[in-house]
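See below for the structure under consideration.
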Amino acid sequence: MGSRTVVVGASVGGTKTVQALRSQGYAGELLVVEAEPHLPYDKPPLSKGYLTGTLGRDRLNLVSDAEIKDLAVGVKLGVRAKSLDVAANELALEDGERIAFDNLIVASGVRARPSPWQAKDGVHLLRTLDDAEMLKKNLQNSRSVVVVGGGFIGAEVAAAARHFGLDVSIVDPLEVPIGRVLGDPVGKLFTRLHHLNDVATHFGNGVEAITGTKGNLTVELTDGKLLSCDLVVVGIGAVPNTEWLASSGLLIENGLVCDEYCRADGQANIFGVGDVARWYHPRQRELVRVEHWTNAVEQAACVAHNITNPKDLTRYAPVPYVWSDQYDWKIQIAGETARASDYVVVEDPSNENRFAAVYADHSGLFCGVATVNWPRAMIQCRRLLDSENAISIPLNLLNDLLPGRPG
Amino acid sequence: MPVIKADLDLCQGYANCVMEAPKFFDISDDGVVVVLQEEFAEENRAKVEAAVRSCPVSALRIEE
Ligand SMILES: Cc1cc2nc3c(=O)[nH]c(=O)nc-3n(C[C@H](O)[C@H](O)[C@H](O)COP(=O)(O)OP(=O)(O)OC[C@H]3O[C@@H](n4cnc5c(N)ncnc54)[C@H](O)[C@@H]3O)c2cc1C
Ligand code: SF4
């Protein structure tokens, strides 16, 4: 094929694109540029098993050395892409090197939103392996932690801190943080889960300031309350890594704007993959950017297809899917629960730690589902989400799964 | 023929494999993967590889 594809970012999105390209028969040259010094590693365990120590470092690797050889991919670690010349099809690296490409994959992801509150030390973010190493070490030597941000990563960090026996408080300006995704009634079940695990919640309350130093920090809340702790973890979202594209002329608006084929706006050979890509979703009919593992993998497969089959392009219309592990809950969410106007909760009478919430949109159509400790229910419902179904269809399937029912 | 191997201890029931290749994978009542067809023909390789790649805990692999 005599072509060269260059990938910026070697995390989930970049790595899976390389694998998918080879799997789909791409025979050209492949080169990956990654700012971090580490070989590709996985991120979800960083707030779960890896943070608590139940999962070893070796389980984080996304590819083995042998696989990298098999993939025949060049890997440049510890060097950042600096700028992109679209007209010349050339990428410039921080170390001065210039790399010509036929196709470019933008998989530079996001970084943790920096903490607007600065103390001398002891305030942590969690995005990278190095972040996780540092946090893990400090959690083991602390008695108490305040987690700022009640989203998934914040909740997982709280659970990990309880695992180490710390006193844990969570702060979030929203009354029901998970309500943003699952609606307030279901979101409140997640708040209760914190309480059942002896975590204090300060919801509906923002942070005013953080002062002091590691081991002796004070978090001042907007209502004036003071929380003292050894450690603070700030998990308040993420920002796309697009600075290196600023001078390229590509459209950057909360991520790299792409069309329904995941091509950067107006370009045939520049593609966005993963957390950084904000593409036009043909079913949702709007630009979306999704910070979920499975999205990075599915988008990688779609882009690999579109590079290897330029005459048979596939539109990228995934059903969103994310999981989270909090305490003894294994949570899975699929579809667009956030835009639902109604929901039904189905409980399993034989297991009080198991339920499903099924969501319908304004016209009564099934649009999303959340399950706790119930993988079989999730897959039954998730399969239905790429077509139009009345909400009764998933509800009947779930009823059939309950004990004493056939199936 | 190449064969699909699943590590049932690693599997967390995320079912991404089922979404990718429902002919080859399903989820049991206990929430773990069931390999419906261990062997697969070359023409299905890309599909099975995509399913293997989609597993968040690397519980699947292909044995040649
Ligand atoms: C702690 C944590 C827990 C998570 N848990 C879950 C979960 O349970 N379920 C779920 O679905 N998702 C989860 N996620 C989200 C999931 O990990 C991401 O969706 C996924 O990592 C996205 O991959 P990506 O490759 O698009 O981006 P990223 O993982 O952000 O990777 C981008 C890469 O690009 C590199 N890069 C950036 N700029 C440059 C540059 N200029 N030059 C070269 N390289 C550059 C970065 O160093 C990085 O390695 C979690 C994320 C975190 C941080
Ligand atoms: S994707 Fe992996 S974890 Fe999920 S069901 Fe399949 S094998 Fe199990």
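How things are named: the first chain in the structure tokens is A, the next is B, and so on; residues count from 1 in each chain; ligands count from 1 in the order shown.
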query = What do you get as a ChimeraX atom specification if you pick all residues at most 7 Å from ligand 1, counting only C-alpha atoms and all ligand atoms?
reply = /A:8-14,33-36,42-47,79-82,107-111,126-128,153,241,244,273-276,291-296,321-325
request  = Taking only C-alpha atoms into account, report as a PyMOL selection string which residues of chain B lie within 9 Å of chain A.
outcome  = chain B and resi 12-16+18-19+26-32+45-46+49-50+53-58
inquiry  = Using DSSP secondary structure from the backbone, list all alpha helix (DSSP H) positions within region 313-396 of chain A, as a PyMOL selection string.
reply    = chain A and resi 375-382+392-396
The selected residues should be written to file as a short mmCIF file (atom, residue, chain, number, x, y, z; two decimals), in the first residue's frame (atoms: N, CA and C atoms).
data_model
loop_
_atom_site.label_atom_id
_atom_site.label_comp_id
_atom_site.auth_asym_id
_atom_site.auth_seq_id
_atom_site.Cartn_x
_atom_site.Cartn_y
_atom_site.Cartn_z
N PRO A 375 -25.44 -8.34 34.97
CA PRO A 375 -24.92 -8.29 33.60
C PRO A 375 -25.87 -8.88 32.55
N ARG A 376 -26.59 -9.93 32.94
CA ARG A 376 -27.45 -10.57 31.93
C ARG A 376 -28.61 -9.63 31.55
N ALA A 377 -29.12 -8.91 32.52
CA ALA A 377 -30.18 -7.95 32.23
C ALA A 377 -29.64 -6.85 31.32
N MET A 378 -28.41 -6.42 31.60
CA MET A 378 -27.83 -5.35 30.79
C MET A 378 -27.74 -5.76 29.32
N ILE A 379 -27.19 -6.93 29.06
CA ILE A 379 -26.97 -7.28 27.65
C ILE A 379 -28.29 -7.48 26.93
N GLN A 380 -29.30 -8.01 27.62
CA GLN A 380 -30.61 -8.19 26.98
C GLN A 380 -31.16 -6.83 26.52
N CYS A 381 -31.00 -5.82 27.37
CA CYS A 381 -31.54 -4.50 27.05
C CYS A 381 -30.64 -3.75 26.06
N ARG A 382 -29.34 -3.86 26.27
CA ARG A 382 -28.39 -3.08 25.46
C ARG A 382 -28.52 -3.41 23.98
N SER A 392 -41.99 -1.38 26.83
CA SER A 392 -42.51 -2.67 27.30
C SER A 392 -41.61 -3.83 26.87
N ILE A 393 -40.89 -3.66 25.78
CA ILE A 393 -40.08 -4.79 25.28
C ILE A 393 -38.94 -5.13 26.24
N PRO A 394 -38.08 -4.16 26.62
CA PRO A 394 -37.06 -4.52 27.62
C PRO A 394 -37.68 -4.93 28.96
N LEU A 395 -38.80 -4.31 29.33
CA LEU A 395 -39.41 -4.66 30.63
C LEU A 395 -39.86 -6.12 30.65
N ASN A 396 -40.43 -6.58 29.54
CA ASN A 396 -40.83 -7.99 29.47
C ASN A 396 -39.63 -8.91 29.55
#
query = In chain B, what's strand (DSSP E or B) per DSSP? Answer as a PyMOL selection string?
reply = chain B and resi 3-6+25-27+33-35+39+60-63
So that I have them on file, write out the residues from the current selection with N, CA, C and O atoms, as an mmCIF file, in the first residue's frame.
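So the final result, stored in out.cif, reads:
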data_model
loop_
_atom_site.group_PDB
_atom_site.id
_atom_site.type_symbol
_atom_site.label_atom_id
_atom_site.label_comp_id
_atom_site.auth_asym_id
_atom_site.auth_seq_id
_atom_site.Cartn_x
_atom_site.Cartn_y
_atom_site.Cartn_z
ATOM 1 N N VAL B 3 -9.001 -21.102 17.695
ATOM 2 C CA VAL B 3 -9.970 -21.393 18.750
ATOM 3 C C VAL B 3 -10.058 -20.203 19.697
ATOM 4 O O VAL B 3 -9.050 -19.567 20.009
ATOM 5 N N ILE B 4 -11.269 -19.880 20.177
ATOM 6 C CA ILE B 4 -11.468 -18.796 21.146
ATOM 7 C C ILE B 4 -11.315 -19.348 22.557
ATOM 8 O O ILE B 4 -11.925 -20.367 22.895
ATOM 9 N N LYS B 5 -10.510 -18.683 23.381
ATOM 10 C CA LYS B 5 -10.373 -19.077 24.783
ATOM 11 C C LYS B 5 -10.831 -17.922 25.676
ATOM 12 O O LYS B 5 -10.463 -16.770 25.446
ATOM 13 N N ALA B 6 -11.646 -18.231 26.671
ATOM 14 C CA ALA B 6 -12.126 -17.204 27.603
ATOM 15 C C ALA B 6 -11.654 -17.538 29.011
ATOM 16 O O ALA B 6 -11.715 -18.695 29.429
ATOM 17 N N PHE B 25 -20.518 -15.269 21.199
ATOM 18 C CA PHE B 25 -20.515 -15.028 22.644
ATOM 19 C C PHE B 25 -21.914 -14.756 23.183
ATOM 20 O O PHE B 25 -22.743 -14.154 22.511
ATOM 21 N N ASP B 26 -22.130 -15.194 24.423
ATOM 22 C CA ASP B 26 -23.345 -14.815 25.145
ATOM 23 C C ASP B 26 -22.973 -14.650 26.624
ATOM 24 O O ASP B 26 -21.833 -14.911 27.021
ATOM 25 N N ILE B 27 -23.960 -14.226 27.431
ATOM 26 C CA ILE B 27 -23.730 -14.051 28.867
ATOM 27 C C ILE B 27 -24.633 -15.030 29.614
ATOM 28 O O ILE B 27 -25.819 -15.155 29.301
ATOM 29 N N VAL B 33 -19.204 -14.748 30.593
ATOM 30 C CA VAL B 33 -19.258 -15.019 29.163
ATOM 31 C C VAL B 33 -19.451 -16.522 28.904
ATOM 32 O O VAL B 33 -18.958 -17.364 29.648
ATOM 33 N N VAL B 34 -20.206 -16.815 27.843
ATOM 34 C CA VAL B 34 -20.328 -18.183 27.336
ATOM 35 C C VAL B 34 -19.830 -18.135 25.896
ATOM 36 O O VAL B 34 -20.320 -17.332 25.104
ATOM 37 N N VAL B 35 -18.842 -18.966 25.576
ATOM 38 C CA VAL B 35 -18.376 -19.024 24.190
ATOM 39 C C VAL B 35 -19.280 -20.011 23.457
ATOM 40 O O VAL B 35 -19.327 -21.191 23.782
ATOM 41 N N GLU B 39 -14.450 -22.786 17.828
ATOM 42 C CA GLU B 39 -13.663 -22.706 16.594
ATOM 43 C C GLU B 39 -14.303 -21.717 15.637
ATOM 44 O O GLU B 39 -15.521 -21.570 15.622
ATOM 45 N N LEU B 60 -10.361 -12.511 26.869
ATOM 46 C CA LEU B 60 -10.494 -13.361 25.676
ATOM 47 C C LEU B 60 -9.187 -13.407 24.909
ATOM 48 O O LEU B 60 -8.455 -12.430 24.862
ATOM 49 N N ARG B 61 -8.894 -14.569 24.332
ATOM 50 C CA ARG B 61 -7.779 -14.620 23.407
ATOM 51 C C ARG B 61 -8.034 -15.686 22.353
ATOM 52 O O ARG B 61 -8.925 -16.522 22.488
ATOM 53 N N ILE B 62 -7.225 -15.609 21.292
ATOM 54 C CA ILE B 62 -7.358 -16.555 20.191
ATOM 55 C C ILE B 62 -6.149 -17.477 20.226
ATOM 56 O O ILE B 62 -5.011 -17.016 20.338
ATOM 57 N N GLU B 63 -6.407 -18.784 20.192
ATOM 58 C CA GLU B 63 -5.315 -19.756 20.128
ATOM 59 C C GLU B 63 -5.268 -20.312 18.713
ATOM 60 O O GLU B 63 -6.283 -20.769 18.203
#
task = Find the residues around region 154-158 of chain A up to 9 Å (only C-alpha atoms counted), leave out those fewer than 4 positions away in its own chain, and share them as an NGL selection string.
result = :A and (47-48 or 51 or 145-150 or 162-163 or 168-170 or 194 or 199 or 233-236 or 324-327)
Selection from above, C-alpha atoms, as a PDB file, in the first residue's frame, can you write it?
ATOM      1  CA  SER A  47      -9.563   4.174  40.160  1.00  0.00           C
ATOM      2  CA  LYS A  48     -10.552   0.572  40.959  1.00  0.00           C
ATOM      3  CA  LEU A  51      -5.742   1.726  43.298  1.00  0.00           C
ATOM      4  CA  VAL A 145      -9.568  12.081  52.542  1.00  0.00           C
ATOM      5  CA  VAL A 146     -11.999  14.554  51.015  1.00  0.00           C
ATOM      6  CA  VAL A 147     -13.030  13.730  47.457  1.00  0.00           C
ATOM      7  CA  VAL A 148     -14.189  16.733  45.422  1.00  0.00           C
ATOM      8  CA  GLY A 149     -16.564  15.601  42.666  1.00  0.00           C
ATOM      9  CA  GLY A 150     -19.301  12.988  43.101  1.00  0.00           C
ATOM     10  CA  ARG A 162     -12.798   3.041  52.315  1.00  0.00           C
ATOM     11  CA  HIS A 163     -11.015  -0.141  51.277  1.00  0.00           C
ATOM     12  CA  VAL A 168     -14.020   9.645  53.585  1.00  0.00           C
ATOM     13  CA  SER A 169     -16.153  12.651  52.645  1.00  0.00           C
ATOM     14  CA  ILE A 170     -17.393  13.554  49.175  1.00  0.00           C
ATOM     15  CA  HIS A 194     -22.059   6.027  50.007  1.00  0.00           C
ATOM     16  CA  VAL A 199     -18.886   7.839  53.530  1.00  0.00           C
ATOM     17  CA  VAL A 233      -8.670  14.171  45.520  1.00  0.00           C
ATOM     18  CA  VAL A 234     -10.206  16.464  42.922  1.00  0.00           C
ATOM     19  CA  GLY A 235     -12.272  14.720  40.224  1.00  0.00           C
ATOM     20  CA  ILE A 236     -14.160  17.446  38.413  1.00  0.00           C
ATOM     21  CA  SER A 324     -18.292   1.640  37.044  1.00  0.00           C
ATOM     22  CA  ASP A 325     -17.414  -0.375  40.154  1.00  0.00           C
ATOM     23  CA  GLN A 326     -18.396   1.275  43.443  1.00  0.00           C
ATOM     24  CA  TYR A 327     -18.121  -0.687  46.693  1.00  0.00           C
TER      25      TYR A 327
END
inquiry  = At a cut-off of 10 Å, using only C-alpha atoms, what residues contact Leu226 (chain A)? Leave out same-chain residues fewer than 4 positions from it and give the result as a list in words.
reply    =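 Close residues of Leu226 (chain A): Val207, Glu208, Ala209, Ile210, Thr218, Val219, Glu220, Leu221 and Thr222 of chain A.
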inquiry  = Residues near region 308-318 of chain A, anyone? I mean within 10 Å using only C-alpha atoms, not counting same-chain ones fewer than 5 positions away, as a ChimeraX atom specification.
reply    = /A:21-22,24-27,259-262,268-269,279-285,294-295,298-299,301-303,335,385-386
query = With distances taken over only C-alpha atoms, which of B:Met1, B:Leu36, B:Leu10, B:Cys17 is nearest to Ala51 (chain B)?
reply =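 Looking only at the distances to Ala51 (chain B), the closest residue turns out to be B:Cys17.
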query = Which value, in Å to one decimal, gives the distance between CA of Thr52 (chain A) and CA of Leu227 (chain A)?
reply =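 Going from CA of Thr52 (chain A) over to CA of Leu227 (chain A) covers 24.1 Å.
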ask   = Using only C-alpha atoms, which residue out of B:Pro2, B:Val48, B:Asp7, B:Glu43 lies closest to Lys23 (chain B)?
value =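 Closest to Lys23 (chain B) of all the choices is B:Val48.
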